[in-house]
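**Student:** As input, take query-v9.txt (compact mmCIF, C-alpha atoms):
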```txt
# COMPACT_ATOMS: atom_id res chain seq x y z
CA MET A 1105 9.40 10.51 -43.06
CA SER A 1106 11.51 13.65 -43.06
CA ASN A 1107 13.89 14.43 -40.24
CA ASP A 1108 11.49 17.10 -38.96
CA GLN A 1109 8.66 14.56 -38.70
CA THR A 1110 10.73 12.17 -36.60
CA HIS A 1111 11.20 14.80 -33.90
CA TRP A 1112 7.54 15.54 -33.33
CA LEU A 1113 4.61 13.34 -32.56
CA THR A 1114 2.04 13.02 -35.31
CA PRO A 1115 -1.46 14.28 -34.50
CA ASP A 1116 -2.64 10.69 -33.96
CA GLU A 1117 0.35 9.88 -31.73
CA LEU A 1118 -0.21 13.07 -29.77
CA ARG A 1119 -3.91 12.28 -29.33
CA VAL A 1120 -3.10 8.85 -27.86
CA PHE A 1121 -0.42 10.20 -25.56
CA ARG A 1122 -2.54 13.13 -24.38
CA ALA A 1123 -5.47 10.86 -23.62
CA VAL A 1124 -3.28 8.62 -21.46
CA ASN A 1125 -1.28 11.41 -19.85
CA ARG A 1126 -4.15 13.77 -19.13
CA THR A 1127 -6.32 10.95 -17.83
CA TRP A 1128 -3.55 9.83 -15.48
CA GLU A 1129 -2.99 13.40 -14.27
CA ALA A 1130 -6.71 13.97 -13.66
CA LEU A 1131 -7.12 10.59 -11.97
CA THR A 1132 -4.17 11.05 -9.61
CA ALA A 1133 -5.38 14.55 -8.76
CA GLN A 1134 -8.83 13.12 -7.94
CA LEU A 1135 -7.40 10.28 -5.83
CA ASP A 1136 -5.14 12.79 -4.03
CA HIS A 1137 -8.13 15.04 -3.36
CA ASP A 1138 -10.35 12.24 -2.08
CA LEU A 1139 -7.69 10.82 0.27
CA GLU A 1140 -6.70 14.27 1.58
CA GLU A 1141 -10.30 15.40 2.01
CA GLU A 1142 -11.78 12.23 3.50
CA ALA A 1143 -8.84 10.43 5.11
CA GLU A 1144 -6.49 13.38 5.77
CA LEU A 1145 -3.65 11.41 4.24
CA PRO A 1146 -1.68 12.23 1.10
CA ARG A 1147 -1.88 9.50 -1.53
CA SER A 1148 1.92 9.11 -1.53
CA TYR A 1149 1.82 8.41 2.24
CA PHE A 1150 -1.09 6.01 1.81
CA ASP A 1151 0.97 4.18 -0.83
CA ILE A 1152 3.90 3.83 1.59
CA LEU A 1153 1.65 2.59 4.40
CA TRP A 1154 -0.15 0.16 2.10
CA ARG A 1155 3.08 -1.29 0.72
CA LEU A 1156 4.46 -1.73 4.23
CA ARG A 1157 1.19 -3.34 5.33
CA ARG A 1158 1.53 -5.93 2.55
CA ALA A 1159 5.27 -6.56 3.01
CA PRO A 1160 6.65 -9.53 4.94
CA GLY A 1161 6.98 -8.47 8.56
CA GLN A 1162 5.35 -5.18 7.54
CA ALA A 1163 8.84 -3.82 6.86
CA LEU A 1164 10.90 -2.83 3.82
CA ARG A 1165 14.39 -1.49 3.33
CA MET A 1166 14.24 2.23 2.69
CA SER A 1167 16.07 1.74 -0.62
CA ARG A 1168 13.52 -0.87 -1.75
CA LEU A 1169 10.64 1.34 -0.65
CA ALA A 1170 12.06 4.16 -2.77
CA GLU A 1171 12.44 1.79 -5.71
CA ILE A 1172 8.91 0.34 -5.65
CA THR A 1173 7.29 3.75 -5.14
CA HIS A 1174 9.41 5.25 -7.94
CA SER A 1175 10.76 7.84 -5.53
CA LYS A 1176 14.18 9.26 -4.89
CA ALA A 1177 15.88 8.19 -1.67
CA SER A 1178 15.70 11.73 -0.29
CA ARG A 1179 11.95 11.89 -0.93
CA ILE A 1180 11.32 8.56 0.81
CA THR A 1181 13.53 9.62 3.72
CA HIS A 1182 11.45 12.80 4.10
CA ALA A 1183 8.11 10.98 3.76
CA VAL A 1184 9.07 8.23 6.20
CA GLY A 1185 10.34 10.90 8.60
CA ARG A 1186 6.93 12.59 8.50
CA LEU A 1187 5.15 9.26 8.94
CA GLU A 1188 7.49 8.44 11.82
CA LYS A 1189 6.69 11.74 13.56
CA ALA A 1190 3.01 10.86 13.22
CA GLY A 1191 3.67 7.46 14.84
CA LEU A 1192 2.65 5.53 11.71
CA VAL A 1193 6.09 4.14 10.83
CA ARG A 1194 9.34 3.55 12.68
CA ARG A 1195 12.84 3.18 11.33
CA GLU A 1196 15.20 0.53 12.55
CA VAL A 1197 18.49 -1.04 11.54
CA PRO A 1198 18.05 -4.65 10.44
CA GLU A 1199 19.50 -7.09 12.95
CA GLY A 1200 22.87 -8.39 11.76
CA ASP A 1201 22.91 -6.09 8.70
CA ARG A 1202 23.88 -2.47 9.16
CA ARG A 1203 23.91 -1.59 5.44
CA GLY A 1204 20.62 0.30 5.54
CA TRP A 1205 17.48 1.17 7.42
CA LEU A 1206 14.12 -0.55 7.48
CA ALA A 1207 10.81 1.27 7.44
CA VAL A 1208 8.46 -0.66 9.73
CA LEU A 1209 4.72 -0.17 9.94
CA THR A 1210 3.44 0.53 13.45
CA PRO A 1211 0.03 -0.65 14.69
CA GLN A 1212 -1.17 2.97 14.34
CA GLY A 1213 0.11 2.98 10.74
CA GLN A 1214 -1.75 -0.21 9.96
CA GLU A 1215 -4.92 1.24 11.46
CA ARG A 1216 -4.51 4.44 9.45
CA ALA A 1217 -3.98 2.51 6.20
CA GLU A 1218 -7.07 0.42 6.89
CA GLN A 1219 -9.11 3.56 7.60
CA ALA A 1220 -7.97 5.18 4.34
CA ALA A 1221 -8.39 2.05 2.19
CA PRO A 1222 -12.18 2.33 1.79
CA VAL A 1223 -11.82 5.96 0.66
CA TYR A 1224 -9.23 4.93 -1.91
CA ALA A 1225 -11.29 1.94 -3.08
CA ARG A 1226 -14.45 4.04 -3.43
CA SER A 1227 -12.55 6.68 -5.40
CA VAL A 1228 -11.03 4.09 -7.75
CA ARG A 1229 -14.41 2.45 -8.27
CA GLU A 1230 -16.14 5.77 -8.91
CA HIS A 1231 -13.54 7.35 -11.19
CA VAL A 1232 -11.99 4.36 -12.98
CA LEU A 1233 -14.20 1.30 -12.84
CA ALA A 1234 -17.79 2.58 -12.86
CA PRO A 1235 -17.57 4.54 -16.14
CA LEU A 1236 -16.28 1.44 -18.00
CA THR A 1237 -18.06 -1.63 -19.30
CA ASP A 1238 -16.67 -5.05 -18.45
CA ALA A 1239 -15.17 -5.26 -21.96
CA GLU A 1240 -13.54 -1.83 -21.60
CA ARG A 1241 -12.10 -2.86 -18.23
CA GLU A 1242 -10.55 -5.93 -19.88
CA GLN A 1243 -9.14 -3.79 -22.71
CA LEU A 1244 -7.72 -1.21 -20.29
CA THR A 1245 -6.17 -3.97 -18.18
CA ALA A 1246 -4.57 -5.59 -21.24
CA ILE A 1247 -3.21 -2.25 -22.48
CA GLY A 1248 -1.91 -1.28 -19.04
CA GLU A 1249 -0.22 -4.65 -18.52
CA LYS A 1250 1.33 -4.54 -22.00
CA LEU A 1251 2.84 -1.10 -21.35
CA LEU A 1252 3.89 -2.06 -17.83
CA ALA A 1253 5.63 -5.21 -19.08
CA ARG A 1254 7.84 -2.94 -21.18
CA LEU A 1255 8.31 -0.12 -18.66
CA ASP A 1256 8.41 -1.88 -15.29
CA PRO A 1257 7.96 -5.67 -15.44
CA GLU A 1258 8.37 -6.00 -11.66
CA ALA A 1259 5.18 -3.98 -11.20
CA LEU A 1260 3.03 -6.50 -13.06
CA PRO A 1261 0.39 -8.33 -11.01
CA GLY A 1262 1.99 -11.07 -8.97
CA ALA A 1263 5.51 -9.67 -9.40
CA ASP A 1264 5.45 -7.70 -6.16
CA ASP A 1265 2.90 -9.60 -4.10
CA LYS A 1266 5.64 -10.43 -1.63
CA GLU A 1267 6.31 -6.71 -1.09
CA GLY A 1268 2.87 -5.28 -1.26
CA SER A 1269 1.41 -3.99 -4.46
CA SER A 1270 -0.24 -0.63 -4.47
CA ALA A 1271 -3.83 -0.72 -3.36
```
Write out the structure in this file as structure tokens.
**Tutor:**
Amino acid sequence: MSNDQTHWLTPDELRVFRAVNRTWEALTAQLDHDLEEEAELPRSYFDILWRLRRAPGQALRMSRLAEITHSKASRITHAVGRLEKAGLVRREVPEGDRRGWLAVLTPQGQERAEQAAPVYARSVREHVLAPLTDAEREQLTAIGEKLLARLDPEALPGADDKEGSSA
């Protein structure tokens, strides 16, 4: 392979990458639309609420919340601030440990997550699961888990059950 060829994706490589990338972009746009339209909640906020709902004590350190949502600290601070203004989350300093803040789900936040969950589930079923056969679902799961094991092993099923996997 010449030096020029190593810098560009081959047509086959590009086809694979585009299929994955464009599918993910279209899917996230659809999930965003459905949650905004039907639950009046951005998907990123739903993700925060859902992770807090599944976390022990329904609370996570802000730094950990940023990490598991693949967000920058400033973005999480802004999002949690908006959720706090809406009464869905509160921030508190952990007792006996003043190194950082906790984001804590409020009862209103739990209710809001539970109201949005059926919208999210219906959208996932309609746009991801329904078009696939059982065999294709198994293949997609195996491919996704293989890539995830390389990119973010902590995100594999079971790895973050203690901190609330994404819905």
**Student:** Write out as a PyMOL selection string the residues lying within 7 Å of stretch 1159-1172 of chain A, counting only C-alpha atoms and excluding same-chain residues fewer than 2 positions away.
**Tutor:** chain A and resi 1155-1157+1174-1177+1180+1204-1209+1266-1268
**Student:** List every protein, DNA or RNA residue that has an atom no more than 8 Å from (4.6, 7.8, -1.6) in the file's coordinate frame, counting all atoms listed in the file, and report them as a list in words.
**Tutor:** Arg1147, Ser1148, Tyr1149, Phe1150, Asp1151, Ile1152, Thr1173, Ser1175, Ile1180 and Ala1183 of chain A
**Student:** Considering all atoms listed in the file, can you say which of A:Thr1110, A:Ala1190, A:Gln1134, A:Leu1153 comes closest to A:Gln1219?
**Tutor:**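 That would be A:Leu1153, the residue with the smallest distance to A:Gln1219.
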**Student:** As an exercise, work out the distance from atom CA of A:Trp1154 to atom CA of A:Glu1196 in Å and give it to one decimal place.
**Tutor:**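 Atom CA of A:Glu1196 lies 18.6 Å from atom CA of A:Trp1154.
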**Student:** When you count all atoms listed in the file, which of these residues is closest to A:Glu1144: A:Arg1216, A:His1182, A:Arg1202, A:Arg1194?
**Tutor:**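 Ranking A:Arg1216, A:His1182, A:Arg1202, A:Arg1194 by distance to A:Glu1144, first place goes to A:Arg1216.
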**Student:** Tell me which of A:Ala1220, A:Asn1125, A:Gly1213, A:Thr1237 sits closest to A:Val1184, counting all atoms listed in the file.
**Tutor:** A:Gly1213
**Student:** Rounded to one decimal, what separation in Å do you get between atom CA of A:Ser1227 and atom CA of A:Phe1121?
**Tutor:** 23.8 Å
**Student:** Record the distance separating atom CA of A:Leu1135 and atom CA of A:His1231, expressed in Å with one decimal.
**Tutor:** 8.7 Å
**Student:** For A:Arg1186, which of A:Leu1251, A:Leu1145, A:Leu1118, A:Ala1133 is the closest residue, counting only C-alpha atoms?
**Tutor:**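 Closest candidate: A:Leu1145.
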**Student:** Which residue, A:Ala1130, A:Leu1233, A:Ser1178, A:Leu1192, has the smallest gap to A:Gln1214 when you use only C-alpha atoms?
**Tutor:**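 The answer is A:Leu1192, which sits nearest to A:Gln1214.
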**Student:** Go through A:Ala1217, A:Val1124, A:Ala1234, A:Leu1255 one by one, measure the shortest atom-to-atom distance of each to A:Arg1158 using all atoms listed in the file, and give the residue with the smallest value.
**Tutor:**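 Checking each candidate against A:Arg1158, we get A:Ala1217 as the closest.
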**Student:** Padding 6 Å on each side, edges along x, y and z: where is the centre of the box around the listed atoms of stretch 1233-1240 of chain A, and how long are its edges in Å to one decimal? Output it as JSON.
**Tutor:**
```
{"center_x": -15.8, "center_y": -0.4, "center_z": -17.4, "size_x": 16.5, "size_y": 21.8, "size_z": 21.1}
```
**Student:** Saving stretch 1187-1198 of chain A with all heavy atoms, as a PDB file, in the first residue's frame, what would that file be?
**Tutor:**
```pdb
ATOM      1  N   LEU A1187     -31.448  21.217  35.011  1.00  0.00           N
ATOM      2  CA  LEU A1187     -32.316  20.226  35.649  1.00  0.00           C
ATOM      3  C   LEU A1187     -32.635  20.628  37.086  1.00  0.00           C
ATOM      4  O   LEU A1187     -33.750  20.388  37.565  1.00  0.00           O
ATOM      5  CB  LEU A1187     -31.664  18.842  35.604  1.00  0.00           C
ATOM      6  CG  LEU A1187     -31.569  18.197  34.217  1.00  0.00           C
ATOM      7  CD1 LEU A1187     -30.625  17.002  34.241  1.00  0.00           C
ATOM      8  CD2 LEU A1187     -32.945  17.802  33.714  1.00  0.00           C
ATOM      9  N   GLU A1188     -31.687  21.259  37.743  1.00  0.00           N
ATOM     10  CA  GLU A1188     -31.904  21.727  39.115  1.00  0.00           C
ATOM     11  C   GLU A1188     -32.943  22.847  39.128  1.00  0.00           C
ATOM     12  O   GLU A1188     -33.847  22.852  39.978  1.00  0.00           O
ATOM     13  CB  GLU A1188     -30.573  22.208  39.693  1.00  0.00           C
ATOM     14  CG  GLU A1188     -30.607  22.482  41.174  1.00  0.00           C
ATOM     15  CD  GLU A1188     -29.222  22.784  41.724  1.00  0.00           C
ATOM     16  OE1 GLU A1188     -28.388  23.374  41.017  1.00  0.00           O
ATOM     17  OE2 GLU A1188     -28.990  22.422  42.891  1.00  0.00           O
ATOM     18  N   LYS A1189     -32.850  23.778  38.199  1.00  0.00           N
ATOM     19  CA  LYS A1189     -33.841  24.863  38.105  1.00  0.00           C
ATOM     20  C   LYS A1189     -35.244  24.322  37.861  1.00  0.00           C
ATOM     21  O   LYS A1189     -36.228  24.892  38.320  1.00  0.00           O
ATOM     22  CB  LYS A1189     -33.467  25.840  36.995  1.00  0.00           C
ATOM     23  CG  LYS A1189     -32.363  26.779  37.364  1.00  0.00           C
ATOM     24  CD  LYS A1189     -32.067  27.751  36.243  1.00  0.00           C
ATOM     25  CE  LYS A1189     -30.884  28.620  36.616  1.00  0.00           C
ATOM     26  NZ  LYS A1189     -30.440  29.453  35.495  1.00  0.00           N
ATOM     27  N   ALA A1190     -35.320  23.203  37.144  1.00  0.00           N
ATOM     28  CA  ALA A1190     -36.614  22.571  36.867  1.00  0.00           C
ATOM     29  C   ALA A1190     -37.092  21.707  38.027  1.00  0.00           C
ATOM     30  O   ALA A1190     -38.183  21.129  37.963  1.00  0.00           O
ATOM     31  CB  ALA A1190     -36.521  21.736  35.588  1.00  0.00           C
ATOM     32  N   GLY A1191     -36.266  21.578  39.074  1.00  0.00           N
ATOM     33  CA  GLY A1191     -36.652  20.779  40.239  1.00  0.00           C
ATOM     34  C   GLY A1191     -36.474  19.284  40.060  1.00  0.00           C
ATOM     35  O   GLY A1191     -36.987  18.496  40.855  1.00  0.00           O
ATOM     36  N   LEU A1192     -35.726  18.873  39.032  1.00  0.00           N
ATOM     37  CA  LEU A1192     -35.575  17.451  38.736  1.00  0.00           C
ATOM     38  C   LEU A1192     -34.334  16.836  39.383  1.00  0.00           C
ATOM     39  O   LEU A1192     -34.254  15.617  39.547  1.00  0.00           O
ATOM     40  CB  LEU A1192     -35.528  17.245  37.216  1.00  0.00           C
ATOM     41  CG  LEU A1192     -36.718  17.831  36.445  1.00  0.00           C
ATOM     42  CD1 LEU A1192     -36.538  17.628  34.946  1.00  0.00           C
ATOM     43  CD2 LEU A1192     -38.029  17.252  36.929  1.00  0.00           C
ATOM     44  N   VAL A1193     -33.385  17.695  39.732  1.00  0.00           N
ATOM     45  CA  VAL A1193     -32.116  17.266  40.332  1.00  0.00           C
ATOM     46  C   VAL A1193     -31.745  18.304  41.377  1.00  0.00           C
ATOM     47  O   VAL A1193     -32.131  19.470  41.265  1.00  0.00           O
ATOM     48  CB  VAL A1193     -31.013  17.186  39.240  1.00  0.00           C
ATOM     49  CG1 VAL A1193     -29.634  16.984  39.832  1.00  0.00           C
ATOM     50  CG2 VAL A1193     -31.315  16.078  38.240  1.00  0.00           C
ATOM     51  N   ARG A1194     -30.997  17.883  42.387  1.00  0.00           N
ATOM     52  CA  ARG A1194     -30.411  18.859  43.309  1.00  0.00           C
ATOM     53  C   ARG A1194     -28.937  18.525  43.448  1.00  0.00           C
ATOM     54  O   ARG A1194     -28.525  17.382  43.238  1.00  0.00           O
ATOM     55  CB  ARG A1194     -31.117  18.877  44.661  1.00  0.00           C
ATOM     56  CG  ARG A1194     -30.904  17.684  45.520  1.00  0.00           C
ATOM     57  CD  ARG A1194     -31.590  17.830  46.894  1.00  0.00           C
ATOM     58  NE  ARG A1194     -31.302  16.685  47.714  1.00  0.00           N
ATOM     59  CZ  ARG A1194     -31.947  15.529  47.647  1.00  0.00           C
ATOM     60  NH1 ARG A1194     -32.958  15.380  46.821  1.00  0.00           N
ATOM     61  NH2 ARG A1194     -31.584  14.515  48.415  1.00  0.00           N
ATOM     62  N   ARG A1195     -28.158  19.534  43.768  1.00  0.00           N
ATOM     63  CA  ARG A1195     -26.732  19.312  44.006  1.00  0.00           C
ATOM     64  C   ARG A1195     -26.459  19.420  45.490  1.00  0.00           C
ATOM     65  O   ARG A1195     -27.029  20.266  46.169  1.00  0.00           O
ATOM     66  CB  ARG A1195     -25.898  20.362  43.267  1.00  0.00           C
ATOM     67  CG  ARG A1195     -25.790  20.093  41.790  1.00  0.00           C
ATOM     68  CD  ARG A1195     -24.880  21.081  41.151  1.00  0.00           C
ATOM     69  NE  ARG A1195     -25.679  22.193  40.655  1.00  0.00           N
ATOM     70  CZ  ARG A1195     -25.303  22.995  39.687  1.00  0.00           C
ATOM     71  NH1 ARG A1195     -24.126  22.860  39.128  1.00  0.00           N
ATOM     72  NH2 ARG A1195     -26.070  23.976  39.286  1.00  0.00           N
ATOM     73  N   GLU A1196     -25.603  18.547  45.956  1.00  0.00           N
ATOM     74  CA  GLU A1196     -25.215  18.613  47.364  1.00  0.00           C
ATOM     75  C   GLU A1196     -23.774  18.137  47.520  1.00  0.00           C
ATOM     76  O   GLU A1196     -23.269  17.378  46.688  1.00  0.00           O
ATOM     77  CB  GLU A1196     -26.168  17.825  48.248  1.00  0.00           C
ATOM     78  CG  GLU A1196     -26.371  16.385  47.873  1.00  0.00           C
ATOM     79  CD  GLU A1196     -27.440  15.702  48.723  1.00  0.00           C
ATOM     80  OE1 GLU A1196     -28.595  16.167  48.750  1.00  0.00           O
ATOM     81  OE2 GLU A1196     -27.096  14.678  49.346  1.00  0.00           O
ATOM     82  N   VAL A1197     -23.157  18.594  48.581  1.00  0.00           N
ATOM     83  CA  VAL A1197     -21.799  18.172  48.914  1.00  0.00           C
ATOM     84  C   VAL A1197     -21.909  16.876  49.708  1.00  0.00           C
ATOM     85  O   VAL A1197     -22.690  16.799  50.662  1.00  0.00           O
ATOM     86  CB  VAL A1197     -21.075  19.262  49.741  1.00  0.00           C
ATOM     87  CG1 VAL A1197     -19.683  18.784  50.160  1.00  0.00           C
ATOM     88  CG2 VAL A1197     -20.984  20.559  48.956  1.00  0.00           C
ATOM     89  N   PRO A1198     -21.152  15.848  49.304  1.00  0.00           N
ATOM     90  CA  PRO A1198     -21.219  14.589  50.046  1.00  0.00           C
ATOM     91  C   PRO A1198     -20.782  14.783  51.496  1.00  0.00           C
ATOM     92  O   PRO A1198     -19.808  15.486  51.753  1.00  0.00           O
ATOM     93  CB  PRO A1198     -20.235  13.665  49.317  1.00  0.00           C
ATOM     94  CG  PRO A1198     -19.908  14.339  48.043  1.00  0.00           C
ATOM     95  CD  PRO A1198     -20.215  15.788  48.194  1.00  0.00           C
TER      96      PRO A1198
END
```
